[in-house]
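Engineer: Pasting query32.cif here (mmCIF, C-alpha atoms):
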data_data
loop_
_atom_site.group_PDB
_atom_site.id
_atom_site.type_symbol
_atom_site.label_atom_id
_atom_site.label_comp_id
_atom_site.auth_asym_id
_atom_site.auth_seq_id
_atom_site.Cartn_x
_atom_site.Cartn_y
_atom_site.Cartn_z
ATOM 1 C CA MET A 12 5.633 4.529 -12.217
ATOM 2 C CA VAL A 13 7.624 1.358 -12.826
ATOM 3 C CA SER A 14 10.372 -0.082 -10.649
ATOM 4 C CA LEU A 15 13.944 0.077 -11.967
ATOM 5 C CA LYS A 16 17.205 -1.463 -10.867
ATOM 6 C CA GLY A 17 18.683 0.104 -7.748
ATOM 7 C CA ARG A 18 15.244 0.640 -6.200
ATOM 8 C CA GLU A 19 14.631 3.589 -8.501
ATOM 9 C CA GLN A 20 11.311 4.519 -10.094
ATOM 10 C CA GLY A 21 10.781 5.167 -13.779
ATOM 11 C CA LEU A 22 8.227 7.229 -15.672
ATOM 12 C CA ILE A 23 5.686 5.315 -17.786
ATOM 13 C CA HIS A 24 2.798 7.808 -18.141
ATOM 14 C CA ILE A 25 2.784 11.606 -17.991
ATOM 15 C CA ALA A 26 -0.034 14.152 -18.081
ATOM 16 C CA VAL A 27 0.349 17.907 -17.638
ATOM 17 C CA VAL A 28 -2.534 20.414 -17.596
ATOM 18 C CA ASP A 29 -2.616 24.190 -17.377
ATOM 19 C CA PHE A 30 -3.886 25.252 -13.964
ATOM 20 C CA PHE A 31 -5.885 28.294 -15.089
ATOM 21 C CA SER A 32 -7.550 26.879 -18.217
ATOM 22 C CA GLY A 33 -7.515 23.145 -17.551
ATOM 23 C CA LYS A 34 -6.092 22.670 -21.053
ATOM 24 C CA ILE A 35 -4.066 19.509 -21.640
ATOM 25 C CA VAL A 36 -0.442 20.520 -22.197
ATOM 26 C CA LEU A 37 1.083 17.058 -22.421
ATOM 27 C CA ARG A 38 -0.294 13.544 -22.323
ATOM 28 C CA SER A 39 1.828 10.605 -23.365
ATOM 29 C CA ILE A 40 3.236 7.178 -22.651
ATOM 30 C CA VAL A 41 6.900 7.231 -21.708
ATOM 31 C CA ASP A 42 9.422 4.511 -22.493
ATOM 32 C CA PRO A 43 11.336 4.007 -19.222
ATOM 33 C CA GLY A 44 14.172 2.279 -21.061
ATOM 34 C CA ASP A 45 16.082 -0.783 -19.943
ATOM 35 C CA GLY A 46 16.422 -1.960 -16.378
ATOM 36 C CA VAL A 47 12.742 -2.315 -15.485
ATOM 37 C CA THR A 48 12.391 -4.856 -12.681
ATOM 38 C CA ASP A 49 8.638 -4.490 -12.151
ATOM 39 C CA TRP A 50 6.209 -3.006 -14.669
ATOM 40 C CA ARG A 51 3.490 -2.836 -11.968
ATOM 41 C CA LYS A 52 0.971 -3.669 -14.677
ATOM 42 C CA ALA A 53 -1.997 -3.500 -12.296
ATOM 43 C CA PHE A 54 -1.299 0.236 -11.878
ATOM 44 C CA THR A 55 0.451 1.173 -15.137
ATOM 45 C CA GLY A 56 -1.572 -0.985 -17.514
ATOM 46 C CA LEU A 57 1.585 -1.794 -19.461
ATOM 47 C CA ASN A 58 4.334 -4.357 -19.693
ATOM 48 C CA LYS A 59 7.277 -4.795 -22.039
ATOM 49 C CA VAL A 60 5.260 -6.411 -24.831
ATOM 50 C CA MET A 61 2.409 -3.911 -24.559
ATOM 51 C CA LEU A 62 4.831 -0.975 -24.638
ATOM 52 C CA ARG A 63 6.421 -2.383 -27.800
ATOM 53 C CA THR A 64 2.934 -2.487 -29.369
ATOM 54 C CA GLN A 65 2.267 1.124 -28.361
ATOM 55 C CA LYS A 66 5.526 2.238 -29.963
ATOM 56 C CA ARG A 67 4.312 0.889 -33.321
ATOM 57 C CA LYS A 68 1.203 3.085 -33.233
ATOM 58 C CA PRO A 69 1.048 6.616 -34.715
ATOM 59 C CA ARG A 70 0.731 8.138 -31.254
ATOM 60 C CA LYS A 71 4.213 9.045 -30.124
ATOM 61 C CA VAL A 72 5.854 7.382 -27.158
ATOM 62 C CA LEU A 73 8.359 9.656 -25.419
ATOM 63 C CA ARG A 74 11.914 8.395 -24.967
ATOM 64 C CA GLY A 75 12.422 8.400 -21.220
ATOM 65 C CA TRP A 76 12.149 11.166 -18.678
ATOM 66 C CA GLU A 77 14.587 13.265 -20.696
ATOM 67 C CA GLU A 78 12.202 13.777 -23.615
ATOM 68 C CA ALA A 79 9.257 14.205 -21.236
ATOM 69 C CA ARG A 80 11.147 16.983 -19.478
ATOM 70 C CA GLU A 81 12.015 18.604 -22.813
ATOM 71 C CA HIS A 82 8.310 18.861 -23.653
ATOM 72 C CA ILE A 83 7.587 20.394 -20.248
ATOM 73 C CA PHE A 84 10.377 22.947 -20.656
ATOM 74 C CA GLU A 85 8.954 23.945 -24.052
ATOM 75 C CA VAL A 86 5.965 25.503 -22.263
ATOM 76 C CA ALA A 87 7.430 26.248 -18.829
ATOM 77 C CA THR A 88 9.284 29.430 -17.902
ATOM 78 C CA ARG A 89 11.254 30.600 -14.890
ATOM 79 C CA ASP A 90 7.978 31.849 -13.412
ATOM 80 C CA THR A 91 6.106 28.567 -13.870
ATOM 81 C CA ILE A 92 4.687 27.110 -10.677
ATOM 82 C CA PHE A 93 4.573 23.321 -10.653
ATOM 83 C CA MET A 94 1.622 21.664 -8.942
ATOM 84 C CA GLY A 95 0.968 18.073 -7.991
ATOM 85 C CA HIS A 96 0.021 15.603 -5.279
ATOM 86 C CA ALA A 97 3.208 14.239 -3.691
ATOM 87 C CA LEU A 98 4.920 16.432 -6.267
ATOM 88 C CA ALA A 99 8.436 15.751 -4.976
ATOM 89 C CA ASN A 100 8.283 12.238 -6.432
ATOM 90 C CA ASP A 101 7.433 13.541 -9.914
ATOM 91 C CA LEU A 102 10.082 16.261 -9.857
ATOM 92 C CA ARG A 103 12.735 13.819 -8.680
ATOM 93 C CA ILE A 104 12.027 11.410 -11.526
ATOM 94 C CA LEU A 105 12.007 14.262 -14.065
ATOM 95 C CA ARG A 106 15.215 15.711 -12.543
ATOM 96 C CA ILE A 107 13.578 19.122 -12.148
ATOM 97 C CA ALA A 108 14.875 21.325 -9.340
ATOM 98 C CA THR A 109 12.617 24.219 -8.365
ATOM 99 C CA ASP A 110 11.162 25.833 -5.272
ATOM 100 C CA ARG A 111 8.164 27.219 -7.148
ATOM 101 C CA VAL A 112 5.791 24.421 -6.184
ATOM 102 C CA ILE A 113 2.335 23.829 -4.770
ATOM 103 C CA ASP A 114 1.765 20.350 -3.389
ATOM 104 C CA SER A 115 -1.848 19.507 -2.528
ATOM 105 C CA MET A 116 -0.711 16.691 -0.237
ATOM 106 C CA THR A 117 1.546 19.057 1.694
ATOM 107 C CA MET A 118 -1.275 21.606 1.974
ATOM 108 C CA MET A 119 -3.466 18.950 3.568
ATOM 109 C CA SER A 120 -0.743 17.854 5.995
ATOM 110 C CA LEU A 121 -0.130 21.472 6.989
ATOM 111 C CA ALA A 122 -3.848 21.885 7.692
ATOM 112 C CA VAL A 123 -3.679 18.936 10.113
ATOM 113 C CA PHE A 124 -0.232 19.158 11.717
ATOM 114 C CA GLY A 125 0.740 22.787 11.197
ATOM 115 C CA ASP A 126 4.283 23.758 10.284
ATOM 116 C CA ALA A 127 5.820 20.499 11.498
ATOM 117 C CA LYS A 128 9.322 19.426 10.450
ATOM 118 C CA LYS A 129 7.990 15.982 9.559
ATOM 119 C CA PHE A 130 4.383 14.933 9.010
ATOM 120 C CA PRO A 131 3.331 11.736 10.826
ATOM 121 C CA ARG A 132 1.127 10.776 7.882
ATOM 122 C CA ASN A 133 -0.120 11.929 4.481
ATOM 123 C CA TRP A 134 -3.297 11.461 2.449
ATOM 124 C CA SER A 135 -3.549 9.821 -0.957
ATOM 125 C CA LEU A 136 -5.119 11.615 -3.914
ATOM 126 C CA LYS A 137 -8.051 9.196 -3.814
ATOM 127 C CA THR A 138 -8.741 9.936 -0.134
ATOM 128 C CA ALA A 139 -8.211 13.672 -0.606
ATOM 129 C CA CYS A 140 -10.770 13.898 -3.419
ATOM 130 C CA LYS A 141 -13.295 11.812 -1.498
ATOM 131 C CA GLU A 142 -13.024 13.772 1.750
ATOM 132 C CA LEU A 143 -12.612 17.314 0.389
ATOM 133 C CA LEU A 144 -14.351 17.262 -2.994
ATOM 134 C CA ASP A 145 -16.804 14.396 -2.411
ATOM 135 C CA VAL A 146 -15.580 13.015 -5.731
ATOM 136 C CA GLU A 147 -14.331 9.501 -6.404
ATOM 137 C CA VAL A 148 -11.211 9.082 -8.519
ATOM 138 C CA GLN A 149 -9.331 5.906 -9.377
ATOM 139 C CA LYS A 150 -12.666 4.114 -8.926
ATOM 140 C CA THR A 151 -11.821 1.000 -10.884
ATOM 141 C CA ARG A 152 -9.279 -1.634 -9.942
ATOM 142 C CA GLY A 153 -7.630 -1.068 -13.293
ATOM 143 C CA PRO A 154 -4.592 1.073 -14.098
ATOM 144 C CA HIS A 155 -4.315 4.655 -12.861
ATOM 145 C CA VAL A 156 -4.970 7.328 -15.481
ATOM 146 C CA ALA A 157 -2.355 10.081 -15.349
ATOM 147 C CA LEU A 158 -4.717 12.679 -16.830
ATOM 148 C CA GLU A 159 -7.383 11.919 -14.231
ATOM 149 C CA ASP A 160 -4.814 12.383 -11.465
ATOM 150 C CA ALA A 161 -3.622 15.694 -12.940
ATOM 151 C CA LEU A 162 -7.155 17.086 -13.280
ATOM 152 C CA ALA A 163 -8.089 15.870 -9.794
ATOM 153 C CA THR A 164 -5.053 17.605 -8.308
ATOM 154 C CA ARG A 165 -5.999 20.811 -10.120
ATOM 155 C CA GLU A 166 -9.509 20.643 -8.624
ATOM 156 C CA LEU A 167 -8.078 20.105 -5.152
ATOM 157 C CA VAL A 168 -5.811 23.148 -5.352
ATOM 158 C CA LEU A 169 -8.661 25.262 -6.767
ATOM 159 C CA GLN A 170 -10.801 24.199 -3.805
ATOM 160 C CA PHE A 171 -8.057 25.077 -1.330
ATOM 161 C CA VAL A 172 -7.563 28.522 -2.898
ATOM 162 C CA ARG A 173 -11.246 29.343 -3.220
ATOM 163 C CA ASN A 174 -12.354 27.908 0.113
ATOM 164 C CA PRO A 175 -9.447 27.802 2.595
ATOM 165 C CA GLU A 176 -11.930 27.670 5.480
ATOM 166 C CA LYS A 177 -13.126 24.233 4.392
ATOM 167 C CA LEU A 178 -9.551 22.944 4.324
ATOM 168 C CA ALA A 179 -8.959 24.402 7.808
ATOM 169 C CA GLU A 180 -12.161 22.795 9.137
ATOM 170 C CA TRP A 181 -11.192 19.443 7.639
ATOM 171 C CA GLY A 182 -7.716 19.719 9.174
ATOM 172 C CA ALA A 183 -9.145 20.535 12.612
ATOM 173 C CA ALA A 184 -11.562 17.589 12.463
ATOM 174 C CA ILE A 185 -8.824 15.169 11.391
ATOM 175 C CA ARG A 186 -6.476 16.482 14.078
ATOM 176 C CA ALA A 187 -9.132 16.038 16.777
ATOM 177 C CA ASN A 188 -9.813 12.497 15.579
ATOM 178 C CA LEU A 189 -6.109 11.629 15.551
ATOM 179 C CA GLU A 190 -5.705 13.026 19.074
ATOM 180 C CA LYS A 191 -8.681 10.960 20.229
ATOM 181 C CA MET A 192 -7.189 7.820 18.704
ATOM 182 C CA GLU A 193 -3.813 8.612 20.287
ATOM 183 C CA GLN A 194 -5.421 9.032 23.721
ATOM 184 C CA ALA A 195 -7.297 5.746 23.335
ATOM 185 C CA GLU A 196 -4.095 3.973 22.334
ATOM 186 C CA LYS A 197 -2.276 5.561 25.275
ATOM 187 C CA ALA A 198 -5.015 4.429 27.698
ATOM 188 C CA LYS A 199 -4.848 0.925 26.234
ATOM 189 C CA GLU A 200 -1.081 0.795 26.712
ATOM 190 C CA GLU A 201 -1.362 2.116 30.277
ATOM 191 C CA LYS A 202 -3.952 -0.570 31.065
ATOM 192 C CA LYS A 203 -1.649 -3.230 29.669
ATOM 193 C CA MET A 204 1.272 -1.950 31.754
ATOM 194 C CA GLU A 205 -0.915 -1.894 34.877
ATOM 195 C CA LYS A 206 -1.846 -5.554 34.313
ATOM 196 C CA ARG A 207 1.824 -6.446 33.981
ATOM 197 C CA ARG A 208 2.605 -4.572 37.211
ATOM 198 C CA LEU A 209 -0.148 -6.369 39.102
ATOM 199 C CA ARG A 210 1.078 -9.744 37.817
ATOM 200 C CA ARG A 211 4.618 -8.960 38.949
ATOM 201 C CA GLU A 212 3.379 -7.926 42.398
ATOM 202 C CA ALA A 213 1.204 -11.050 42.699
ATOM 203 C CA LYS A 214 4.153 -13.211 41.673
ATOM 204 C CA ALA A 215 6.390 -11.541 44.254
ATOM 205 C CA LEU A 216 3.870 -12.345 47.024
ATOM 206 C CA LYS A 217 3.781 -16.076 46.250
ATOM 207 C CA THR A 218 5.612 -18.507 48.483
ATOM 208 C CA PRO A 219 8.278 -20.871 47.048
ATOM 209 C CA GLU A 220 5.823 -23.745 47.518
ATOM 210 C CA GLN A 221 3.141 -21.950 45.465
ATOM 211 C CA ARG A 222 5.598 -21.182 42.663
ATOM 212 C CA ALA A 223 6.822 -24.795 42.622
ATOM 213 C CA PHE A 224 3.243 -26.087 42.497
ATOM 214 C CA GLU A 225 2.322 -23.736 39.596
ATOM 215 C CA LYS A 226 5.477 -24.750 37.705
ATOM 216 C CA ALA A 227 4.641 -28.433 38.119
ATOM 217 C CA ASP A 228 1.047 -27.760 37.080
ATOM 218 C CA ARG A 229 2.181 -25.996 33.893
ATOM 219 C CA ALA A 230 4.547 -28.858 33.106
ATOM 220 C CA GLY A 231 1.759 -31.392 33.620
ATOM 221 C CA ARG A 232 -0.635 -29.501 31.320
ATOM 222 C CA ARG A 233 2.073 -29.228 28.673
ATOM 223 C CA ALA A 234 2.820 -32.952 28.857
ATOM 224 C CA GLU A 235 -0.892 -33.724 28.546
ATOM 225 C CA ARG A 236 -1.181 -31.472 25.511
ATOM 226 C CA LEU A 237 1.809 -33.154 23.850
ATOM 227 C CA ARG A 238 0.312 -36.613 24.492
ATOM 228 C CA ALA A 239 -2.984 -35.522 22.938
ATOM 229 C CA GLU A 240 -1.191 -34.136 19.896
ATOM 230 C CA ALA A 241 0.848 -37.320 19.519
ATOM 231 C CA ALA A 242 -2.308 -39.464 19.786
ATOM 232 C CA GLU A 243 -4.064 -37.358 17.153
ATOM 233 C CA LYS A 244 -1.051 -37.606 14.849
ATOM 234 C CA GLU A 245 -0.937 -41.383 15.296
ATOM 235 C CA MET A 246 -4.655 -41.662 14.552
ATOM 236 C CA LYS A 247 -4.255 -39.687 11.302
ATOM 237 C CA LYS A 248 -1.318 -41.874 10.308
ATOM 238 C CA ARG A 249 -3.343 -45.031 10.989
ATOM 239 C CA LYS A 250 -6.243 -43.746 8.893
ATOM 240 C CA VAL A 251 -3.900 -43.027 5.974
ATOM 241 C CA THR A 252 -2.417 -46.535 6.230
ATOM 242 C CA GLU A 253 -5.875 -48.136 6.383
ATOM 243 C CA SER A 254 -7.015 -46.071 3.405
ATOM 244 C CA LYS A 255 -3.987 -47.156 1.369
ATOM 245 C CA SER A 256 -4.548 -50.829 2.318
ATOM 246 C CA LYS A 257 -8.213 -50.595 1.362
ATOM 247 C CA THR A 258 -7.368 -48.961 -1.951
ATOM 248 C CA GLY A 259 -4.747 -51.641 -2.662
ATOM 249 C CA ALA A 260 -7.215 -54.437 -1.898
ATOM 250 C CA GLU A 261 -9.867 -52.840 -4.111
ATOM 251 C CA MET A 262 -7.394 -52.500 -6.977
ATOM 252 C CA ALA A 263 -6.324 -56.152 -6.584
ATOM 253 C CA GLU A 264 -9.957 -57.247 -6.624
ATOM 254 C CA MET A 265 -10.647 -55.188 -9.761
ATOM 255 C CA ALA A 266 -7.577 -56.684 -11.469
ATOM 256 C CA ALA A 267 -8.746 -60.205 -10.589
ATOM 257 C CA LYS A 268 -12.215 -59.519 -11.977
ATOM 258 C CA SER A 269 -10.729 -58.076 -15.150
ATOM 259 C CA LYS A 270 -8.479 -61.109 -15.601
ATOM 260 C CA SER A 271 -11.423 -63.453 -15.036
ATOM 261 C CA ALA A 272 -13.512 -61.568 -17.579
ATOM 262 C CA ARG A 273 -10.775 -61.855 -20.227
ATOM 263 C CA LYS A 274 -10.528 -65.627 -19.687
ATOM 264 C CA SER A 275 -14.252 -66.077 -20.132
#
Could I get this structure in the form of structure tokens?
Structural biologist:
Amino acid sequence: MVSLKGREQGLIHIAVVDFFSGKIVLRSIVDPGDGVTDWRKAFTGLNKVMLRTQKRKPRKVLRGWEEAREHIFEVATRDTIFMGHALANDLRILRIATDRVIDSMTMMSLAVFGDAKKFPRNWSLKTACKELLDVEVQKTRGPHVALEDALATRELVLQFVRNPEKLAEWGAAIRANLEKMEQAEKAKEEKKMEKRRLRREAKALKTPEQRAFEKADRAGRRAERLRAEAAEKEMKKRKVTESKSKTGAEMAEMAAKSKSARKS
């Protein structure tokens, strides 16, 4: 995806595979048109100049999401089920409205959080494949490959359908770990609040004389710190001045030697 004006995203690569056969249905570069504000070259592998070069090659470059959608509709029917990881993003960019979807990311979130109205977090395709398939995708730091992502998503959904118990076990383990982390964070926050309470109580028990003494002590330490900083700053300034004077004297001496050498 590239970034467009108005904080929109634009299609730059597309890959579609048949779920049952794994056959490649569509694989192409897509011209996102004008208005690109960020080509995200590290992820897309393309910029304006590189896209122009691709358009001169025999391999066809699709004209925007409209032509990409046309190619999808050539093979899709009313009964087609669309699959993907974070599929809503793809369908939004392609302007496809359908409720016949299977989203591998949603399936994972459901396994962890159940039928929640909003999931606290989601899992990337890279993490999903590593944790549930023990397969590494997007291994290089180079651009993402749309076909690799499509095939990886297919493998995830196949795994979920063939072995739902493994998905359920993974979800239970993640949920237990998240609950453990939440409890630890809660205990940490409670400990912090208890420290604050004890400080407030200790402060309330101090006499006016003690508070005045502590205030004066803090002021004295601050003044001492400021004096030390000022002295250090002055020392650095003096060193710079001495260095400049030394350099000037050396340059004058070199000039005098050069002049003397020319005379001789």
Engineer: Between A:Lys141, A:Lys257, A:Arg70, A:Arg236, which is the closest to A:Arg38 once you count all atoms listed in the file?
Structural biologist: A:Arg70
Engineer: Using all atoms listed in the file, which residue out of A:Ser32, A:Thr258, A:Gln149, A:Thr48 lies closest to A:Arg165?
Structural biologist: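 Ranked by minimum distance to A:Arg165, first place goes to A:Ser32.
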Engineer: Apply the PyMOL selection byres ((chain A and resi 53) around 12) to the structure shown and report the selected residues as a ChimeraX atom specification.
Structural biologist: /A:12-13,49-52,54-58,151-156
Engineer: Those residues with C-alpha atoms, as a short mmCIF file (atom, residue, chain, number, x, y, z; two decimals), keeping the file's coordinate frame please?
Structural biologist:
data_model
loop_
_atom_site.label_atom_id
_atom_site.label_comp_id
_atom_site.auth_asym_id
_atom_site.auth_seq_id
_atom_site.Cartn_x
_atom_site.Cartn_y
_atom_site.Cartn_z
CA MET A 12 5.63 4.53 -12.22
CA VAL A 13 7.62 1.36 -12.83
CA ASP A 49 8.64 -4.49 -12.15
CA TRP A 50 6.21 -3.01 -14.67
CA ARG A 51 3.49 -2.84 -11.97
CA LYS A 52 0.97 -3.67 -14.68
CA PHE A 54 -1.30 0.24 -11.88
CA THR A 55 0.45 1.17 -15.14
CA GLY A 56 -1.57 -0.98 -17.51
CA LEU A 57 1.58 -1.79 -19.46
CA ASN A 58 4.33 -4.36 -19.69
CA THR A 151 -11.82 1.00 -10.88
CA ARG A 152 -9.28 -1.63 -9.94
CA GLY A 153 -7.63 -1.07 -13.29
CA PRO A 154 -4.59 1.07 -14.10
CA HIS A 155 -4.32 4.66 -12.86
CA VAL A 156 -4.97 7.33 -15.48
#
Engineer: So which residues get picked by the PyMOL selection byres ((chain A and resi 47) around 9) here, written as a ChimeraX atom specification?
Structural biologist: /A:13-16,20-21,43-46,48-50,59
Engineer: Just checking: using all atoms listed in the file, which residue out of A:Phe130, A:Thr138, A:Leu162, A:Ser269 ends up closest to A:Val36?
Structural biologist: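 Checking each candidate against A:Val36, we get A:Leu162 as the closest.
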Engineer: Measure the distance from atom CA of A:Glu78 to atom CA of A:Ile92 in Å and round it to one decimal.
Structural biologist: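 That distance, rounded to one decimal, is 20.0 Å.
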Engineer: Could you produce a table of the residues of stretch 122-215 of chain A lying within 12 Å of stretch 99-113 of chain A, with the nearest pair of atoms per residue and their separation in Å rounded to one decimal, using only C-alpha atoms, ordered by chain and increasing residue number, as CSV?
Structural biologist:
residue,atom,partner,partner_atom,distance
A:Ala157,CA,A:Asp101,CA,11.7
A:Ala161,CA,A:Asp101,CA,11.7
A:Thr164,CA,A:Ile113,CA,10.3
A:Arg165,CA,A:Ile113,CA,10.4
A:Leu167,CA,A:Ile113,CA,11.1
A:Val168,CA,A:Ile113,CA,8.2
A:Leu169,CA,A:Ile113,CA,11.3
A:Phe171,CA,A:Ile113,CA,11.0
A:Val172,CA,A:Ile113,CA,11.1
Engineer: Distance atom CA of A:Ser135-atom CA of A:Leu178, one decimal place?
Structural biologist: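 Those two atoms sit 15.4 Å apart.
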Engineer: Calculate how many Å separate atom CA of A:Met116 from atom CA of A:Ala26, rounding to one decimal.
Structural biologist: 18.0 Å
Engineer: Nearest residue to A:Asp29 out of A:Met94, A:Leu73, A:Ala234, A:Ala260, using all atoms listed in the file?
Structural biologist: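 Of A:Met94, A:Leu73, A:Ala234, A:Ala260, the one nearest A:Asp29, counting all atoms listed in the file, is A:Met94.
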Engineer: Neighbouring residues of A:Pro131 were defined as those with any atom within 10 Å, considering all atoms listed in the file; residues of the same chain fewer than 4 positions away were excluded. Please report them as an MDAnalysis selection string.
Structural biologist: chainID A and resid 120 124 127
Engineer: Using all atoms listed in the file - which residues lie no farther than 12 Å from the point (-5.2, 14.3, -1.0) in the file's frame? Write them as an mmCIF file with C-alpha atoms, keeping the file's coordinate frame.
Structural biologist:
data_model
loop_
_atom_site.group_PDB
_atom_site.id
_atom_site.type_symbol
_atom_site.label_atom_id
_atom_site.label_comp_id
_atom_site.auth_asym_id
_atom_site.auth_seq_id
_atom_site.Cartn_x
_atom_site.Cartn_y
_atom_site.Cartn_z
ATOM 1 C CA GLY A 95 0.968 18.073 -7.991
ATOM 2 C CA HIS A 96 0.021 15.603 -5.279
ATOM 3 C CA ALA A 97 3.208 14.239 -3.691
ATOM 4 C CA LEU A 98 4.920 16.432 -6.267
ATOM 5 C CA ASP A 114 1.765 20.350 -3.389
ATOM 6 C CA SER A 115 -1.848 19.507 -2.528
ATOM 7 C CA MET A 116 -0.711 16.691 -0.237
ATOM 8 C CA THR A 117 1.546 19.057 1.694
ATOM 9 C CA MET A 118 -1.275 21.606 1.974
ATOM 10 C CA MET A 119 -3.466 18.950 3.568
ATOM 11 C CA SER A 120 -0.743 17.854 5.995
ATOM 12 C CA LEU A 121 -0.130 21.472 6.989
ATOM 13 C CA ALA A 122 -3.848 21.885 7.692
ATOM 14 C CA ARG A 132 1.127 10.776 7.882
ATOM 15 C CA ASN A 133 -0.120 11.929 4.481
ATOM 16 C CA TRP A 134 -3.297 11.461 2.449
ATOM 17 C CA SER A 135 -3.549 9.821 -0.957
ATOM 18 C CA LEU A 136 -5.119 11.615 -3.914
ATOM 19 C CA LYS A 137 -8.051 9.196 -3.814
ATOM 20 C CA THR A 138 -8.741 9.936 -0.134
ATOM 21 C CA ALA A 139 -8.211 13.672 -0.606
ATOM 22 C CA CYS A 140 -10.770 13.898 -3.419
ATOM 23 C CA LYS A 141 -13.295 11.812 -1.498
ATOM 24 C CA GLU A 142 -13.024 13.772 1.750
ATOM 25 C CA LEU A 143 -12.612 17.314 0.389
ATOM 26 C CA LEU A 144 -14.351 17.262 -2.994
ATOM 27 C CA ASP A 145 -16.804 14.396 -2.411
ATOM 28 C CA VAL A 146 -15.580 13.015 -5.731
ATOM 29 C CA GLU A 147 -14.331 9.501 -6.404
ATOM 30 C CA VAL A 148 -11.211 9.082 -8.519
ATOM 31 C CA ASP A 160 -4.814 12.383 -11.465
ATOM 32 C CA ALA A 163 -8.089 15.870 -9.794
ATOM 33 C CA THR A 164 -5.053 17.605 -8.308
ATOM 34 C CA ARG A 165 -5.999 20.811 -10.120
ATOM 35 C CA GLU A 166 -9.509 20.643 -8.624
ATOM 36 C CA LEU A 167 -8.078 20.105 -5.152
ATOM 37 C CA VAL A 168 -5.811 23.148 -5.352
ATOM 38 C CA GLN A 170 -10.801 24.199 -3.805
ATOM 39 C CA PHE A 171 -8.057 25.077 -1.330
ATOM 40 C CA LEU A 178 -9.551 22.944 4.324
ATOM 41 C CA TRP A 181 -11.192 19.443 7.639
ATOM 42 C CA GLY A 182 -7.716 19.719 9.174
#
Engineer: Taking all atoms listed in the file into account, which of A:Ile185, A:Val27, A:Ala179, A:Ala267 comes nearest A:Arg80?
Structural biologist: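 Closest to A:Arg80 of all the choices is A:Val27.
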